[in-house]
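**Student:** This structure is in structure tokens; I'll ask about it shortly.
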Amino acid sequence: MKKQFARAALAAALLCSSAGAAMMISTAPAYAAETPHVTRSVGVALSAAIKAINTGDFKTAADKLTEAGSGSDLTDYDKLKINQVKGFLALKQQDYNTAATAFEALIVSPAFGDLPPDEQTTTLHNAMILSAQEKHWPNVITIAQKIEKTTPLDYKSDSVVAQAYYLTNDYPNAKIYAEKGIAAATAKGVVPEKAAYQILMSAQVKNNNQAGAIKTLEQLALHYHAADDWGRLIDMAMSSKGLDELDALYYYRLRFAAGATAASDDYQIAAGIALHQGYPAEAESVLEKGLSAGTLSDSGKTHSLLEKARHDASADRRSLAAVAKSAAHSKEGLQEVKLAEDYWGYGRYQDAIAAAQSGLAKGGLKDPGEGYYILGISQVAAGQYAAGEATLAKVDGTGARARGAYLWTLYAKSKVPPPPPPAATVTAQPPTEGVEAAAPTAYRSRAPPAA
């Protein structure tokens, strides 16, 4: 299980490593009043290139950039400005490799220090994003170190840097930046980046911190709702102490509710338990799900189980009204709790809620935990998430039952959309979603020498 867990974490981290076209490159600054200036011929060519880019004439822009770079006496500042426009053109053409190369050249230019401090930070940040886009991971690390000399990284950038360290096999630093990104996002009131969680989980597995890895997997399931993450949590939880048949059925109910992958024996075992507990409609429903998914075939053990489930469910449907009437008149609550369990198999969650609430109110239950358990999961299934969480908090019993109630609570939380992030504040760092860039607006050229 641990090997499979680590392999899944690693694969997930790799899948999220590309910054993709979803990253934002902030707008380039105006140059009308900057010092020093580009030489006159370079400035004229660059202004023409910018005008051509803004009208979509990329060929002319490229020609003008070639013209700007053709002089034999280019200054370092000329070269820096040529790379800025080259990067702008590449972004407009969605040529992120060329854009990354241009921005990487900018930040190593001897003239880079001539830019205003804020512009240096913005350029570094853009260069880091583009380097990540093109998987230039050592460059990402180097650029991030330069940025951090003057300003902290935002939580998304922390996640990018964590990926860079991870993919260059520096796992301790990958863990540090993943944790930083998660903490910063949490403090900001937003959902942390998925890659940060995945990298942290992988580091925890590598360090044999199974408890920490499970906690991180819980956060992934909570925020990103991946069915396979729920499946892994349920698989591990089913080794909890004190697991009995009914507790196992609740785990299977969660597996199916979360859409986690189920093997053929999952369907067969869940159906067998439901039949043994006296809930044939649930057994029938489970087996039909397996058939519909293509996991089961109507033969052998499945065929036998399905025949019995259909036979018993037919009888159960005929007697259900009479059972409900008898339960309602019972002085103790056990019959109504069991009726609530039966209603679950029919998908009649509101009826299950009413029966469980009535049974709990009557009392006399040997196992009140079951009453709260079926009430809580029925409330969750009915979309009453806050009520379900409150009810599940009352479930007691073995470690297996407590873990099951906790995972159902986590599932309820995952169904509630997170609150919107706080209003954005003005910052020197660009956001990291969408790709856009505005052109430099003008160049002031250095005057030719006096005759």
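Labels for the structure tokens follow display order: chains A, B, ..., residues from 1 in each chain, ligands from 1.
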Could you pull the residues within 6 Å of segment 66-82 of chain A, counting only C-alpha atoms, minus those fewer than 2 positions along the same chain, as a PDB file with all heavy atoms, in the first residue's frame?
**Tutor:**
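New file around-v7.pdb:
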```
ATOM      1  N   VAL A  38      17.963  54.247 -24.901  1.00  0.00           N
ATOM      2  CA  VAL A  38      18.501  53.475 -26.010  1.00  0.00           C
ATOM      3  C   VAL A  38      19.070  54.427 -27.059  1.00  0.00           C
ATOM      4  O   VAL A  38      18.700  55.612 -27.109  1.00  0.00           O
ATOM      5  CB  VAL A  38      17.407  52.593 -26.646  1.00  0.00           C
ATOM      6  CG1 VAL A  38      16.951  51.525 -25.699  1.00  0.00           C
ATOM      7  CG2 VAL A  38      16.221  53.433 -27.124  1.00  0.00           C
ATOM      8  N   VAL A  42      18.206  52.367 -32.548  1.00  0.00           N
ATOM      9  CA  VAL A  42      17.532  51.252 -31.863  1.00  0.00           C
ATOM     10  C   VAL A  42      16.146  51.670 -31.414  1.00  0.00           C
ATOM     11  O   VAL A  42      15.164  50.933 -31.579  1.00  0.00           O
ATOM     12  CB  VAL A  42      18.377  50.757 -30.679  1.00  0.00           C
ATOM     13  CG1 VAL A  42      17.599  49.739 -29.846  1.00  0.00           C
ATOM     14  CG2 VAL A  42      19.684  50.154 -31.166  1.00  0.00           C
ATOM     15  N   ALA A  45      13.660  51.767 -34.337  1.00  0.00           N
ATOM     16  CA  ALA A  45      13.273  50.429 -34.776  1.00  0.00           C
ATOM     17  C   ALA A  45      12.354  49.746 -33.760  1.00  0.00           C
ATOM     18  O   ALA A  45      11.379  49.088 -34.135  1.00  0.00           O
ATOM     19  CB  ALA A  45      14.523  49.590 -35.022  1.00  0.00           C
ATOM     20  N   ASP A  63      10.932  41.849 -38.260  1.00  0.00           N
ATOM     21  CA  ASP A  63      11.917  42.530 -39.107  1.00  0.00           C
ATOM     22  C   ASP A  63      12.509  43.734 -38.385  1.00  0.00           C
ATOM     23  O   ASP A  63      13.727  43.985 -38.461  1.00  0.00           O
ATOM     24  CB  ASP A  63      11.270  42.972 -40.420  1.00  0.00           C
ATOM     25  CG  ASP A  63      10.908  41.798 -41.327  1.00  0.00           C
ATOM     26  OD1 ASP A  63      11.451  40.690 -41.093  1.00  0.00           O
ATOM     27  OD2 ASP A  63      10.081  41.984 -42.250  1.00  0.00           O
ATOM     28  N   LYS A  64      11.681  44.493 -37.713  1.00  0.00           N
ATOM     29  CA  LYS A  64      12.165  45.686 -37.006  1.00  0.00           C
ATOM     30  C   LYS A  64      13.051  45.294 -35.821  1.00  0.00           C
ATOM     31  O   LYS A  64      14.008  46.002 -35.480  1.00  0.00           O
ATOM     32  CB  LYS A  64      10.979  46.531 -36.534  1.00  0.00           C
ATOM     33  CG  LYS A  64      10.238  47.237 -37.668  1.00  0.00           C
ATOM     34  CD  LYS A  64      11.161  48.215 -38.393  1.00  0.00           C
ATOM     35  CE  LYS A  64      10.464  48.937 -39.539  1.00  0.00           C
ATOM     36  NZ  LYS A  64      11.398  49.867 -40.235  1.00  0.00           N
ATOM     37  N   GLN A  84      13.327  42.916 -24.245  1.00  0.00           N
ATOM     38  CA  GLN A  84      11.990  43.187 -23.710  1.00  0.00           C
ATOM     39  C   GLN A  84      10.942  43.121 -24.817  1.00  0.00           C
ATOM     40  O   GLN A  84       9.889  42.509 -24.648  1.00  0.00           O
ATOM     41  CB  GLN A  84      11.951  44.559 -23.036  1.00  0.00           C
ATOM     42  CG  GLN A  84      12.556  44.576 -21.640  1.00  0.00           C
ATOM     43  CD  GLN A  84      12.298  45.889 -20.941  1.00  0.00           C
ATOM     44  OE1 GLN A  84      12.381  46.951 -21.557  1.00  0.00           O
ATOM     45  NE2 GLN A  84      12.016  45.833 -19.666  1.00  0.00           N
ATOM     46  N   VAL A  85      11.215  43.773 -25.937  1.00  0.00           N
ATOM     47  CA  VAL A  85      10.255  43.767 -27.032  1.00  0.00           C
ATOM     48  C   VAL A  85      10.178  42.376 -27.663  1.00  0.00           C
ATOM     49  O   VAL A  85       9.105  41.912 -28.059  1.00  0.00           O
ATOM     50  CB  VAL A  85      10.623  44.835 -28.078  1.00  0.00           C
ATOM     51  CG1 VAL A  85       9.605  44.835 -29.217  1.00  0.00           C
ATOM     52  CG2 VAL A  85      10.673  46.219 -27.441  1.00  0.00           C
ATOM     53  N   LEU A 106      17.142  38.922 -20.220  1.00  0.00           N
ATOM     54  CA  LEU A 106      16.953  40.226 -19.570  1.00  0.00           C
ATOM     55  C   LEU A 106      17.583  40.255 -18.181  1.00  0.00           C
ATOM     56  O   LEU A 106      18.286  41.201 -17.822  1.00  0.00           O
ATOM     57  CB  LEU A 106      15.451  40.526 -19.427  1.00  0.00           C
ATOM     58  CG  LEU A 106      14.709  41.118 -20.613  1.00  0.00           C
ATOM     59  CD1 LEU A 106      13.216  41.165 -20.308  1.00  0.00           C
ATOM     60  CD2 LEU A 106      15.222  42.516 -20.906  1.00  0.00           C
ATOM     61  N   ALA A 111      22.930  45.440 -17.850  1.00  0.00           N
ATOM     62  CA  ALA A 111      22.133  46.656 -17.689  1.00  0.00           C
ATOM     63  C   ALA A 111      20.880  46.432 -16.853  1.00  0.00           C
ATOM     64  O   ALA A 111      20.104  47.373 -16.649  1.00  0.00           O
ATOM     65  CB  ALA A 111      21.748  47.203 -19.061  1.00  0.00           C
TER      66      ALA A 111
END
```
**Student:** Using only C-alpha atoms, which residues sit within 12 Å of Ala184 of chain A once same-chain residues fewer than 5 positions away are excluded, as a list in words?
**Tutor:** Pro152, Leu153, Asp154, Tyr155, Lys156, Ser157, Asp158, Ser159, Tyr177, Ala178, Glu179, Gly189, Val190, Val191, Pro192, Glu193 and Ala196 of chain A
**Student:** Could you save those same residues with all heavy atoms as a CSV table (one decimal), in the first residue's frame?
**Tutor:**
```csv
chain,number,residue,atom,x,y,z
A,152,PRO,N,8.9,38.9,-0.8
A,152,PRO,CA,8.5,37.5,-0.6
A,152,PRO,C,7.7,37.0,-1.9
A,152,PRO,O,7.1,37.8,-2.6
A,152,PRO,CB,7.5,37.5,0.6
A,152,PRO,CG,7.7,38.9,1.2
A,152,PRO,CD,8.2,39.8,0.2
A,153,LEU,N,7.8,35.7,-2.1
A,153,LEU,CA,7.0,35.1,-3.2
A,153,LEU,C,5.5,35.0,-2.7
A,153,LEU,O,5.3,34.8,-1.5
A,153,LEU,CB,7.5,33.7,-3.5
A,153,LEU,CG,9.0,33.6,-4.0
A,153,LEU,CD1,9.4,32.2,-4.2
A,153,LEU,CD2,9.1,34.4,-5.4
A,154,ASP,N,4.6,35.0,-3.7
A,154,ASP,CA,3.2,34.7,-3.3
A,154,ASP,C,3.0,33.2,-3.2
A,154,ASP,O,3.9,32.4,-3.6
A,154,ASP,CB,2.2,35.4,-4.3
A,154,ASP,CG,2.4,34.9,-5.7
A,154,ASP,OD1,2.9,33.8,-5.9
A,154,ASP,OD2,2.0,35.6,-6.6
A,155,TYR,N,1.9,32.8,-2.8
A,155,TYR,CA,1.7,31.3,-2.5
A,155,TYR,C,1.7,30.5,-3.8
A,155,TYR,O,2.2,29.4,-3.8
A,155,TYR,CB,0.4,31.1,-1.8
A,155,TYR,CG,-0.9,31.3,-2.6
A,155,TYR,CD1,-1.5,30.2,-3.2
A,155,TYR,CD2,-1.5,32.5,-2.7
A,155,TYR,CE1,-2.7,30.4,-3.9
A,155,TYR,CE2,-2.7,32.7,-3.4
A,155,TYR,CZ,-3.3,31.6,-4.0
A,155,TYR,OH,-4.4,31.8,-4.7
A,156,LYS,N,1.3,31.1,-4.9
A,156,LYS,CA,1.3,30.3,-6.2
A,156,LYS,C,2.8,30.2,-6.6
A,156,LYS,O,3.2,29.2,-7.2
A,156,LYS,CB,0.5,31.0,-7.2
A,156,LYS,CG,-1.0,30.9,-6.9
A,156,LYS,CD,-1.9,31.4,-8.1
A,156,LYS,CE,-3.3,31.2,-7.8
A,156,LYS,NZ,-4.2,31.5,-8.9
A,157,SER,N,3.6,31.2,-6.5
A,157,SER,CA,5.0,31.2,-6.8
A,157,SER,C,5.7,30.2,-5.9
A,157,SER,O,6.6,29.5,-6.4
A,157,SER,CB,5.6,32.6,-6.7
A,157,SER,OG,5.0,33.4,-7.7
A,158,ASP,N,5.4,30.2,-4.6
A,158,ASP,CA,6.0,29.1,-3.8
A,158,ASP,C,5.7,27.7,-4.3
A,158,ASP,O,6.6,26.9,-4.3
A,158,ASP,CB,5.4,29.2,-2.3
A,158,ASP,CG,6.0,30.4,-1.5
A,158,ASP,OD1,7.2,30.7,-1.7
A,158,ASP,OD2,5.2,31.0,-0.7
A,159,SER,N,4.5,27.5,-4.8
A,159,SER,CA,4.2,26.2,-5.4
A,159,SER,C,5.0,25.9,-6.6
A,159,SER,O,5.5,24.8,-6.8
A,159,SER,CB,2.7,26.1,-5.7
A,159,SER,OG,2.4,24.9,-6.3
A,177,TYR,N,9.2,24.7,0.4
A,177,TYR,CA,8.4,25.7,-0.4
A,177,TYR,C,6.9,25.2,-0.5
A,177,TYR,O,6.0,26.1,-0.6
A,177,TYR,CB,9.0,25.9,-1.7
A,177,TYR,CG,10.1,26.9,-1.7
A,177,TYR,CD1,11.4,26.6,-1.3
A,177,TYR,CD2,9.8,28.3,-1.9
A,177,TYR,CE1,12.4,27.5,-1.3
A,177,TYR,CE2,10.8,29.2,-1.8
A,177,TYR,CZ,12.1,28.9,-1.5
A,177,TYR,OH,13.1,29.8,-1.4
A,178,ALA,N,6.7,23.9,-0.5
A,178,ALA,CA,5.3,23.5,-0.6
A,178,ALA,C,4.6,23.9,0.7
A,178,ALA,O,3.5,24.4,0.7
A,178,ALA,CB,5.3,21.9,-0.7
A,179,GLU,N,5.3,23.7,1.9
A,179,GLU,CA,4.7,24.1,3.1
A,179,GLU,C,4.4,25.6,3.2
A,179,GLU,O,3.4,26.1,3.7
A,179,GLU,CB,5.5,23.6,4.3
A,179,GLU,CG,5.5,22.1,4.5
A,179,GLU,CD,6.5,21.6,5.6
A,179,GLU,OE1,7.5,22.3,5.8
A,179,GLU,OE2,6.2,20.6,6.2
A,189,GLY,N,-6.8,32.8,3.0
A,189,GLY,CA,-8.2,32.4,2.9
A,189,GLY,C,-8.6,31.8,1.6
A,189,GLY,O,-9.7,31.8,1.2
A,190,VAL,N,-7.6,31.3,0.9
A,190,VAL,CA,-7.8,30.6,-0.4
A,190,VAL,C,-7.3,29.2,-0.4
A,190,VAL,O,-6.6,28.8,0.5
A,190,VAL,CB,-7.2,31.4,-1.6
A,190,VAL,CG1,-7.7,32.8,-1.7
A,190,VAL,CG2,-5.6,31.5,-1.4
A,191,VAL,N,-7.8,28.4,-1.3
A,191,VAL,CA,-7.4,27.0,-1.4
A,191,VAL,C,-5.9,26.9,-1.9
A,191,VAL,O,-5.6,27.5,-2.9
A,191,VAL,CB,-8.3,26.2,-2.3
A,191,VAL,CG1,-7.8,24.8,-2.5
A,191,VAL,CG2,-9.7,26.2,-1.8
A,192,PRO,N,-5.1,26.2,-1.1
A,192,PRO,CA,-3.7,26.1,-1.6
A,192,PRO,C,-3.6,25.3,-2.9
A,192,PRO,O,-4.5,24.6,-3.3
A,192,PRO,CB,-3.0,25.2,-0.5
A,192,PRO,CG,-3.9,25.5,0.7
A,192,PRO,CD,-5.3,25.7,0.2
A,193,GLU,N,-2.5,25.5,-3.6
A,193,GLU,CA,-2.3,24.9,-4.9
A,193,GLU,C,-2.2,23.4,-4.7
A,193,GLU,O,-1.6,22.9,-3.8
A,193,GLU,CB,-0.9,25.4,-5.5
A,193,GLU,CG,-1.0,26.9,-5.9
A,193,GLU,CD,-1.9,27.1,-7.0
A,193,GLU,OE1,-1.5,26.8,-8.2
A,193,GLU,OE2,-3.0,27.7,-6.8
A,196,ALA,N,1.3,21.9,-4.6
A,196,ALA,CA,2.0,22.0,-3.3
A,196,ALA,C,1.6,20.9,-2.3
A,196,ALA,O,2.4,20.3,-1.6
A,196,ALA,CB,1.6,23.4,-2.6
```
**Student:** At what distance in Å, to one decimal, does atom CA of Asp351 of chain A lie from atom CA of Gly383 of chain A?
**Tutor:**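 Atom CA of Asp351 of chain A lies at a distance of 13.8 Å from atom CA of Gly383 of chain A.
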**Student:** Could you name the residues that touch Asp298 of chain A at 10 Å or less, counting only C-alpha atoms, but leaving out those on the same chain fewer than 5 positions away, as a ChimeraX atom specification?
**Tutor:** /A:287-288,290-291,303-307
**Student:** Excluding segment 137-148 of chain A and its own-chain neighbours fewer than 2 positions away, which residues fall within 7 Å of it when counting only C-alpha atoms? Please give them as an MDAnalysis selection string.
**Tutor:** chainID A and resid 121 124 128 131:132 135 150:153 161 164
**Student:** Okay, now the selection with N, CA and C atoms, as a PDB file, in the first residue's frame?
**Tutor:**
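What follows is the written file again-v5.pdb:
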```pdb
ATOM      1  N   THR A 121      11.771  43.657 -10.150  1.00  0.00           N
ATOM      2  CA  THR A 121      11.003  42.600  -9.482  1.00  0.00           C
ATOM      3  C   THR A 121       9.983  41.984 -10.428  1.00  0.00           C
ATOM      4  N   LEU A 124      11.751  39.863 -13.051  1.00  0.00           N
ATOM      5  CA  LEU A 124      12.201  38.603 -12.461  1.00  0.00           C
ATOM      6  C   LEU A 124      11.034  37.633 -12.304  1.00  0.00           C
ATOM      7  N   MET A 128      10.556  34.037 -14.091  1.00  0.00           N
ATOM      8  CA  MET A 128      10.369  32.791 -13.336  1.00  0.00           C
ATOM      9  C   MET A 128       9.162  32.017 -13.860  1.00  0.00           C
ATOM     10  N   SER A 131      10.002  30.548 -17.260  1.00  0.00           N
ATOM     11  CA  SER A 131      10.950  29.444 -17.115  1.00  0.00           C
ATOM     12  C   SER A 131      10.243  28.184 -16.626  1.00  0.00           C
ATOM     13  N   ALA A 132       9.282  28.360 -15.726  1.00  0.00           N
ATOM     14  CA  ALA A 132       8.490  27.215 -15.272  1.00  0.00           C
ATOM     15  C   ALA A 132       7.642  26.661 -16.410  1.00  0.00           C
ATOM     16  N   LYS A 135       9.746  24.540 -18.342  1.00  0.00           N
ATOM     17  CA  LYS A 135      10.418  23.513 -17.535  1.00  0.00           C
ATOM     18  C   LYS A 135      11.919  23.755 -17.411  1.00  0.00           C
ATOM     19  N   THR A 150      14.476  40.736  -2.235  1.00  0.00           N
ATOM     20  CA  THR A 150      13.795  42.023  -2.061  1.00  0.00           C
ATOM     21  C   THR A 150      12.327  41.896  -1.681  1.00  0.00           C
ATOM     22  N   THR A 151      11.681  40.778  -2.042  1.00  0.00           N
ATOM     23  CA  THR A 151      10.243  40.661  -1.773  1.00  0.00           C
ATOM     24  C   THR A 151       9.855  39.198  -1.623  1.00  0.00           C
ATOM     25  N   PRO A 152       8.883  38.886  -0.767  1.00  0.00           N
ATOM     26  CA  PRO A 152       8.461  37.485  -0.616  1.00  0.00           C
ATOM     27  C   PRO A 152       7.723  37.001  -1.863  1.00  0.00           C
ATOM     28  N   LEU A 153       7.769  35.708  -2.095  1.00  0.00           N
ATOM     29  CA  LEU A 153       6.977  35.101  -3.153  1.00  0.00           C
ATOM     30  C   LEU A 153       5.529  34.972  -2.700  1.00  0.00           C
ATOM     31  N   VAL A 161       8.029  27.090  -7.261  1.00  0.00           N
ATOM     32  CA  VAL A 161       9.404  26.848  -6.811  1.00  0.00           C
ATOM     33  C   VAL A 161       9.509  25.465  -6.168  1.00  0.00           C
ATOM     34  N   ALA A 164       9.948  23.120  -8.878  1.00  0.00           N
ATOM     35  CA  ALA A 164      11.294  23.207  -9.448  1.00  0.00           C
ATOM     36  C   ALA A 164      12.290  22.416  -8.606  1.00  0.00           C
TER      37      ALA A 164
END
```
**Student:** Hey, can you check how far atom CA of Tyr385 of chain A sits from atom CA of Ala263 of chain A?
**Tutor:**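 These atoms are spaced 28.3 Å apart.
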